[in-house]
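Shown next: my_file_25.cif, given as mmCIF, C-alpha atoms and all ligand atoms.
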```cif
data_model
#
loop_
_atom_site.group_PDB
_atom_site.id
_atom_site.type_symbol
_atom_site.label_atom_id
_atom_site.label_comp_id
_atom_site.auth_asym_id
_atom_site.auth_seq_id
_atom_site.Cartn_x
_atom_site.Cartn_y
_atom_site.Cartn_z
ATOM 1 C CA MET A 1 -4.340 -113.298 -107.239
ATOM 2 C CA ALA A 2 -7.128 -110.860 -107.991
ATOM 3 C CA THR A 3 -10.815 -111.620 -107.509
ATOM 4 C CA GLU A 4 -12.757 -111.564 -110.772
ATOM 5 C CA MET A 5 -15.644 -109.178 -110.099
ATOM 6 C CA LEU A 6 -18.479 -110.702 -112.114
ATOM 7 C CA PHE A 7 -20.989 -108.020 -111.031
ATOM 8 C CA ARG A 8 -19.071 -105.428 -113.056
ATOM 9 C CA ASP A 9 -20.151 -106.966 -116.338
ATOM 10 C CA ASP A 10 -23.478 -108.398 -115.174
ATOM 11 C CA ALA A 11 -25.090 -106.876 -112.094
ATOM 12 C CA TYR A 12 -27.958 -109.384 -112.420
ATOM 13 C CA LEU A 13 -25.864 -112.488 -111.683
ATOM 14 C CA ARG A 14 -27.258 -113.996 -108.487
ATOM 15 C CA SER A 15 -25.094 -117.080 -108.239
ATOM 16 C CA ALA A 16 -21.694 -118.359 -109.306
ATOM 17 C CA SER A 17 -19.279 -121.107 -108.476
ATOM 18 C CA ALA A 18 -15.859 -120.037 -107.262
ATOM 19 C CA ARG A 19 -12.660 -121.429 -105.813
ATOM 20 C CA VAL A 20 -11.472 -120.481 -102.329
ATOM 21 C CA LEU A 21 -8.124 -118.660 -102.526
ATOM 22 C CA ALA A 22 -7.605 -117.901 -98.859
ATOM 23 C CA VAL A 23 -9.367 -117.959 -95.507
ATOM 24 C CA THR A 24 -8.061 -115.343 -93.081
ATOM 25 C CA GLU A 25 -9.277 -113.735 -89.875
ATOM 26 C CA ARG A 26 -10.929 -111.106 -92.095
ATOM 27 C CA GLY A 27 -12.901 -113.592 -94.135
ATOM 28 C CA ILE A 28 -13.003 -115.707 -97.275
ATOM 29 C CA GLU A 29 -11.273 -114.710 -100.521
ATOM 30 C CA LEU A 30 -12.445 -116.312 -103.766
ATOM 31 C CA ASP A 31 -11.133 -116.298 -107.334
ATOM 32 C CA ARG A 32 -14.411 -114.774 -108.543
ATOM 33 C CA THR A 33 -17.505 -113.300 -106.983
ATOM 34 C CA VAL A 34 -20.991 -111.926 -107.620
ATOM 35 C CA PHE A 35 -20.843 -110.085 -104.253
ATOM 36 C CA TYR A 36 -20.211 -106.335 -104.409
ATOM 37 C CA PRO A 37 -17.725 -105.133 -101.775
ATOM 38 C CA LEU A 38 -18.562 -102.010 -99.753
ATOM 39 C CA GLY A 39 -17.371 -99.028 -101.751
ATOM 40 C CA GLY A 40 -18.348 -95.842 -103.512
ATOM 41 C CA GLY A 41 -20.991 -95.352 -100.835
ATOM 42 C CA GLN A 42 -22.757 -98.634 -101.667
ATOM 43 C CA ALA A 43 -23.181 -101.239 -98.928
ATOM 44 C CA GLY A 44 -21.431 -104.606 -99.269
ATOM 45 C CA ASP A 45 -23.518 -107.604 -100.360
ATOM 46 C CA THR A 46 -24.813 -110.424 -98.190
ATOM 47 C CA GLY A 47 -25.964 -113.955 -98.964
ATOM 48 C CA ARG A 48 -24.748 -117.537 -98.641
ATOM 49 C CA LEU A 49 -21.763 -119.615 -99.599
ATOM 50 C CA LEU A 50 -22.566 -123.289 -100.184
ATOM 51 C CA ARG A 51 -19.905 -125.958 -99.731
ATOM 52 C CA ALA A 52 -19.906 -129.084 -101.877
ATOM 53 C CA GLU A 53 -20.891 -131.310 -98.945
ATOM 54 C CA GLY A 54 -23.882 -129.126 -98.176
ATOM 55 C CA ASP A 55 -22.778 -126.727 -95.427
ATOM 56 C CA ALA A 56 -24.155 -123.240 -95.915
ATOM 57 C CA VAL A 57 -22.096 -120.314 -94.660
ATOM 58 C CA ALA A 58 -24.010 -117.067 -94.124
ATOM 59 C CA ILE A 59 -22.096 -114.108 -95.596
ATOM 60 C CA ILE A 60 -22.952 -111.018 -93.563
ATOM 61 C CA ASP A 61 -20.874 -108.417 -95.447
ATOM 62 C CA THR A 62 -18.430 -108.038 -98.318
ATOM 63 C CA ARG A 63 -15.366 -105.802 -98.267
ATOM 64 C CA LYS A 64 -12.334 -104.989 -100.332
ATOM 65 C CA ALA A 65 -9.206 -106.771 -99.143
ATOM 66 C CA ASP A 66 -5.898 -105.016 -98.482
ATOM 67 C CA THR A 67 -5.577 -104.501 -102.209
ATOM 68 C CA PRO A 68 -8.709 -103.222 -104.010
ATOM 69 C CA ASP A 69 -8.563 -105.960 -106.658
ATOM 70 C CA ARG A 70 -9.355 -108.598 -104.035
ATOM 71 C CA VAL A 71 -12.638 -109.171 -102.239
ATOM 72 C CA VAL A 72 -13.240 -110.581 -98.741
ATOM 73 C CA HIS A 73 -16.536 -112.297 -97.861
ATOM 74 C CA LEU A 74 -17.288 -112.000 -94.151
ATOM 75 C CA PRO A 75 -18.831 -115.169 -92.680
ATOM 76 C CA ALA A 76 -21.263 -115.113 -89.777
ATOM 77 C CA PRO A 77 -19.389 -115.769 -86.497
ATOM 78 C CA GLY A 78 -19.015 -119.468 -85.760
ATOM 79 C CA SER A 79 -19.645 -120.597 -89.346
ATOM 80 C CA PRO A 80 -18.011 -123.759 -90.716
ATOM 81 C CA LEU A 81 -15.280 -122.292 -92.908
ATOM 82 C CA PRO A 82 -14.279 -123.703 -96.305
ATOM 83 C CA GLN A 83 -10.691 -124.642 -97.075
ATOM 84 C CA PRO A 84 -8.382 -123.022 -99.642
ATOM 85 C CA GLY A 85 -8.730 -124.816 -102.980
ATOM 86 C CA GLU A 86 -12.330 -125.829 -102.288
ATOM 87 C CA THR A 87 -15.002 -125.091 -104.891
ATOM 88 C CA VAL A 88 -18.053 -123.328 -103.479
ATOM 89 C CA THR A 89 -21.286 -121.835 -104.786
ATOM 90 C CA LEU A 90 -22.178 -118.248 -103.993
ATOM 91 C CA GLU A 91 -25.789 -117.167 -103.644
ATOM 92 C CA LEU A 92 -26.566 -113.476 -103.379
ATOM 93 C CA ASP A 93 -29.350 -112.063 -101.192
ATOM 94 C CA TRP A 94 -30.929 -110.837 -104.395
ATOM 95 C CA PRO A 95 -33.947 -108.855 -103.070
ATOM 96 C CA ARG A 96 -31.562 -106.829 -100.887
ATOM 97 C CA ARG A 97 -29.058 -106.253 -103.714
ATOM 98 C CA TYR A 98 -31.810 -105.321 -106.181
ATOM 99 C CA ARG A 99 -32.999 -102.599 -103.798
ATOM 100 C CA LEU A 100 -29.399 -101.353 -103.607
ATOM 101 C CA MET A 101 -29.192 -101.311 -107.426
ATOM 102 C CA ARG A 102 -32.448 -99.389 -107.766
ATOM 103 C CA LEU A 103 -31.507 -96.864 -105.066
ATOM 104 C CA HIS A 104 -27.978 -96.496 -106.420
ATOM 105 C CA THR A 105 -29.248 -95.772 -109.932
ATOM 106 C CA ALA A 106 -31.826 -93.364 -108.469
ATOM 107 C CA LEU A 107 -28.960 -91.387 -106.911
ATOM 108 C CA HIS A 108 -27.450 -90.917 -110.376
ATOM 109 C CA LEU A 109 -30.754 -89.337 -111.412
ATOM 110 C CA LEU A 110 -30.870 -87.241 -108.229
ATOM 111 C CA SER A 111 -27.386 -85.889 -109.029
ATOM 112 C CA CYS A 112 -28.825 -84.565 -112.303
ATOM 113 C CA VAL A 113 -32.120 -83.230 -110.936
ATOM 114 C CA VAL A 114 -30.142 -81.248 -108.330
ATOM 115 C CA THR A 115 -27.480 -79.323 -110.217
ATOM 116 C CA ALA A 116 -24.818 -78.781 -107.577
ATOM 117 C CA PRO A 117 -21.516 -80.431 -106.621
ATOM 118 C CA VAL A 118 -21.998 -83.714 -104.755
ATOM 119 C CA THR A 119 -20.047 -83.766 -101.481
ATOM 120 C CA GLY A 120 -21.090 -87.157 -100.143
ATOM 121 C CA GLY A 121 -23.333 -90.129 -100.583
ATOM 122 C CA ASN A 122 -24.420 -93.438 -99.135
ATOM 123 C CA ILE A 123 -26.678 -96.342 -100.130
ATOM 124 C CA THR A 124 -28.209 -98.974 -97.866
ATOM 125 C CA PRO A 125 -31.019 -101.384 -98.804
ATOM 126 C CA GLU A 126 -33.519 -99.047 -97.073
ATOM 127 C CA LYS A 127 -32.475 -95.599 -98.286
ATOM 128 C CA GLY A 128 -29.958 -93.587 -100.223
ATOM 129 C CA ARG A 129 -28.649 -90.082 -99.802
ATOM 130 C CA LEU A 130 -26.543 -87.500 -101.536
ATOM 131 C CA ASP A 131 -25.042 -84.392 -99.985
ATOM 132 C CA PHE A 132 -24.824 -81.283 -102.138
ATOM 133 C CA ASP A 133 -22.855 -78.057 -101.864
ATOM 134 C CA ILE A 134 -25.907 -75.856 -102.327
ATOM 135 C CA ASP A 135 -28.080 -73.400 -100.418
ATOM 136 C CA LEU A 136 -30.753 -75.280 -98.490
ATOM 137 C CA SER A 137 -33.436 -72.979 -99.935
ATOM 138 C CA GLN A 138 -32.690 -74.421 -103.396
ATOM 139 C CA LEU A 139 -33.778 -77.924 -102.377
ATOM 140 C CA ASN A 140 -37.480 -78.580 -102.753
ATOM 141 C CA ALA A 141 -38.657 -82.101 -101.938
ATOM 142 C CA GLU A 142 -41.754 -81.927 -104.115
ATOM 143 C CA ARG A 143 -39.798 -80.715 -107.161
ATOM 144 C CA ILE A 144 -37.039 -83.303 -106.636
ATOM 145 C CA GLU A 145 -39.585 -86.136 -106.412
ATOM 146 C CA ARG A 146 -41.553 -84.953 -109.416
ATOM 147 C CA GLU A 147 -38.518 -84.493 -111.698
ATOM 148 C CA THR A 148 -36.785 -87.696 -110.624
ATOM 149 C CA ASN A 149 -39.956 -89.738 -111.011
ATOM 150 C CA ALA A 150 -40.544 -88.227 -114.457
ATOM 151 C CA LEU A 151 -37.119 -89.483 -115.572
ATOM 152 C CA ILE A 152 -37.862 -92.924 -114.088
ATOM 153 C CA ALA A 153 -41.265 -93.090 -115.799
ATOM 154 C CA ALA A 154 -39.714 -92.254 -119.182
ATOM 155 C CA GLY A 155 -37.126 -95.035 -118.764
ATOM 156 C CA ALA A 156 -33.620 -95.270 -120.227
ATOM 157 C CA ILE A 157 -31.211 -98.142 -120.766
ATOM 158 C CA THR A 158 -28.031 -97.711 -118.713
ATOM 159 C CA GLU A 159 -24.651 -98.443 -120.279
ATOM 160 C CA THR A 160 -21.196 -99.058 -118.911
ATOM 161 C CA ALA A 161 -18.040 -98.031 -120.713
ATOM 162 C CA TRP A 162 -14.385 -97.945 -119.817
ATOM 163 C CA ILE A 163 -11.922 -95.115 -120.372
ATOM 164 C CA SER A 164 -8.250 -94.828 -119.516
ATOM 165 C CA ASP A 165 -7.027 -92.968 -116.436
ATOM 166 C CA ALA A 166 -5.417 -90.458 -118.817
ATOM 167 C CA GLU A 167 -8.735 -89.869 -120.611
ATOM 168 C CA LEU A 168 -10.429 -89.289 -117.259
ATOM 169 C CA ASP A 169 -7.690 -86.891 -116.158
ATOM 170 C CA ALA A 170 -8.350 -84.939 -119.362
ATOM 171 C CA GLN A 171 -12.075 -84.669 -118.473
ATOM 172 C CA PRO A 172 -12.181 -83.778 -114.761
ATOM 173 C CA ASP A 173 -15.728 -82.432 -115.183
ATOM 174 C CA LEU A 174 -16.917 -86.047 -115.413
ATOM 175 C CA VAL A 175 -16.305 -86.528 -111.715
ATOM 176 C CA LYS A 176 -19.303 -85.183 -109.810
ATOM 177 C CA THR A 177 -18.741 -86.749 -106.442
ATOM 178 C CA MET A 178 -15.920 -84.994 -104.658
ATOM 179 C CA SER A 179 -15.900 -87.387 -101.743
ATOM 180 C CA VAL A 180 -15.682 -90.585 -103.791
ATOM 181 C CA GLN A 181 -12.693 -91.150 -106.026
ATOM 182 C CA PRO A 182 -13.420 -92.926 -109.305
ATOM 183 C CA PRO A 183 -12.687 -96.664 -109.191
ATOM 184 C CA ARG A 184 -9.269 -96.768 -110.830
ATOM 185 C CA GLY A 185 -7.278 -99.878 -111.404
ATOM 186 C CA ALA A 186 -5.234 -101.406 -114.208
ATOM 187 C CA GLY A 187 -5.148 -97.954 -115.834
ATOM 188 C CA ARG A 188 -8.829 -97.795 -116.698
ATOM 189 C CA VAL A 189 -11.960 -96.351 -115.161
ATOM 190 C CA ARG A 190 -15.507 -97.612 -115.434
ATOM 191 C CA LEU A 191 -18.186 -95.139 -116.495
ATOM 192 C CA LEU A 192 -21.932 -95.355 -116.068
ATOM 193 C CA ARG A 193 -23.912 -93.633 -118.793
ATOM 194 C CA ILE A 194 -27.630 -92.925 -118.669
ATOM 195 C CA PRO A 195 -28.139 -91.614 -122.193
ATOM 196 C CA GLY A 196 -29.260 -88.006 -122.269
ATOM 197 C CA ILE A 197 -29.160 -87.767 -118.470
ATOM 198 C CA ASP A 198 -25.885 -88.673 -116.783
ATOM 199 C CA LEU A 199 -22.329 -89.802 -117.392
ATOM 200 C CA GLN A 200 -19.867 -90.337 -114.561
ATOM 201 C CA PRO A 201 -17.238 -92.718 -113.252
ATOM 202 C CA CYS A 202 -18.846 -95.361 -111.060
ATOM 203 C CA GLY A 203 -17.913 -98.861 -109.977
ATOM 204 C CA GLY A 204 -21.256 -99.704 -108.370
ATOM 205 C CA THR A 205 -24.148 -101.891 -109.486
ATOM 206 C CA HIS A 206 -27.000 -100.366 -111.510
ATOM 207 C CA VAL A 207 -30.315 -101.440 -112.974
ATOM 208 C CA ALA A 208 -30.414 -102.096 -116.733
ATOM 209 C CA ASP A 209 -33.324 -99.707 -117.292
ATOM 210 C CA ILE A 210 -34.035 -96.784 -114.967
ATOM 211 C CA ALA A 211 -37.749 -97.644 -115.235
ATOM 212 C CA GLU A 212 -36.953 -100.566 -112.877
ATOM 213 C CA ILE A 213 -36.550 -98.036 -110.049
ATOM 214 C CA GLU A 214 -40.345 -97.541 -110.341
ATOM 215 C CA GLY A 215 -40.325 -94.379 -108.249
ATOM 216 C CA ILE A 216 -38.750 -92.590 -105.294
ATOM 217 C CA ARG A 217 -39.856 -90.359 -102.486
ATOM 218 C CA VAL A 218 -37.840 -87.822 -100.524
ATOM 219 C CA LEU A 219 -37.552 -88.778 -96.866
ATOM 220 C CA LYS A 220 -35.623 -85.793 -95.566
ATOM 221 C CA ILE A 221 -33.799 -82.674 -96.613
ATOM 222 C CA ARG A 222 -31.521 -81.177 -93.999
ATOM 223 C CA SER A 223 -28.220 -79.434 -93.427
ATOM 224 C CA GLU A 224 -25.268 -81.572 -92.366
ATOM 225 C CA GLY A 225 -22.773 -78.698 -92.597
ATOM 226 C CA LYS A 226 -21.753 -75.733 -94.704
ATOM 227 C CA HIS A 227 -21.076 -77.818 -97.812
ATOM 228 C CA ASN A 228 -23.363 -80.750 -97.069
ATOM 229 C CA LYS A 229 -27.078 -80.273 -97.686
ATOM 230 C CA ARG A 230 -28.463 -83.784 -97.505
ATOM 231 C CA VAL A 231 -31.250 -85.259 -99.613
ATOM 232 C CA GLU A 232 -32.375 -88.683 -98.406
ATOM 233 C CA ILE A 233 -34.614 -90.861 -100.575
ATOM 234 C CA ALA A 234 -36.353 -94.225 -100.440
ATOM 235 C CA LEU A 235 -37.988 -96.349 -103.105
ATOM 236 C CA SER A 236 -41.663 -95.496 -103.334
ATOM 237 C CA GLY A 237 -43.753 -98.312 -101.985
ATOM 238 C CA SER A 238 -41.152 -99.187 -99.335
ATOM 239 C CA ASP A 239 -41.625 -98.359 -95.659
HETATM 240 ZN ZN ZN A 301 -23.261 -95.682 -109.903
#
```
Please rewrite the model in this file as structure tokens.
Amino acid sequence: MATEMLFRDDAYLRSASARVLAVTERGIELDRTVFYPLGGGQAGDTGRLLRAEGDAVAIIDTRKADTPDRVVHLPAPGSPLPQPGETVTLELDWPRRYRLMRLHTALHLLSCVVTAPVTGGNITPEKGRLDFDIDLSQLNAERIERETNALIAAGAITETAWISDAELDAQPDLVKTMSVQPPRGAGRVRLLRIPGIDLQPCGGTHVADIAEIEGIRVLKIRSEGKHNKRVEIALSGSD
């Protein structure tokens, strides 16, 4: 049985009740979740799982199960584990996830400010990075900050849409990130559109309005190889 991924339709859901499908050595599988599993360069969510009788189980990471339509919640070692069939309440570590959403959406903007093929990417709660296939001399931290922050200041409502695998195959230019395959499944692919700025397949979690990012700063620009010139950013105002 697949896990219903509630964050796909509403990234702002912080809590949900769910039924335990299985408890394995890998972790806890539920019939639905608000926890994003590690993927597409975005870190897995953390938080708590509350049992009906009051036990709280710390969830230290979230991963895809053996099949990508199922999600495993990793409990802290030694936690009291729920039983299959039990109804539990999930509570997301929302401040952490919101930083991930803001940084993730900022990387979409970065991929438009820097016009070069993306060869890698990663997002943690502290920082995000994209690697570009570009000459290092073309990357200017001051310009990247100024142009990205101008987009953020102007604001734009993000939209998700779904297209079929066949429609995506007919538009290969949509896929910017060579190292991350679009999230396929059930014959359809999820797209993230920032009107007038960006459109690409993405299964991650995004802010509703890019103005919520507030601002970014460039931490580092450096070479990580012939085809990987890395731009690392943080949210402005964070350490
Ligand atoms: Zn995305």
With the file shown as input, list the residues that the PyMOL selection byres (((chain A and resi 125) around 10) and not hetatm) selects, as a VMD selection string. chain A and resid 42 to 43 45 95 to 104 123 to 124 126 to 128 234 to 235
Can you list, as a list in words, the residues that the PyMOL selection byres (((chain A and resi 19) around 12) and not hetatm) selects here?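 Written out, the selection comes to Met1, Thr3, Glu4, Ala16, Ser17, Ala18, Val20, Leu21, Ala22, Val23, Ile28, Glu29, Leu30, Asp31, Arg32, Thr33, Leu49, Leu50, Arg51, Ala52, Pro82, Gln83, Pro84, Gly85, Glu86, Thr87, Val88, Thr89 and Leu90 of chain A.
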At a cut-off of 12 Å, using only C-alpha atoms, what residues contact A:Asn149? Leave out same-chain residues fewer than 6 positions from it and give the result as a ChimeraX atom specification. /A:106-107,109-110,113,141-143,155,210-218,233,235-236
Output the neighbourhood of ligand ZN 301 (chain A) as an NGL selection string, that is, all protein and nucleic acid residues with some atom at most 7 Å from the ligand, counting all atoms listed in the file. :A and (104-105 or 108 or 192 or 202-206)
Can you translate the PyMOL selection byres (((chain A and resi 195) around 9) and not hetatm) into the concrete residues it hits in this file, as a PyMOL selection string? chain A and resi 156-159+193-194+196-199
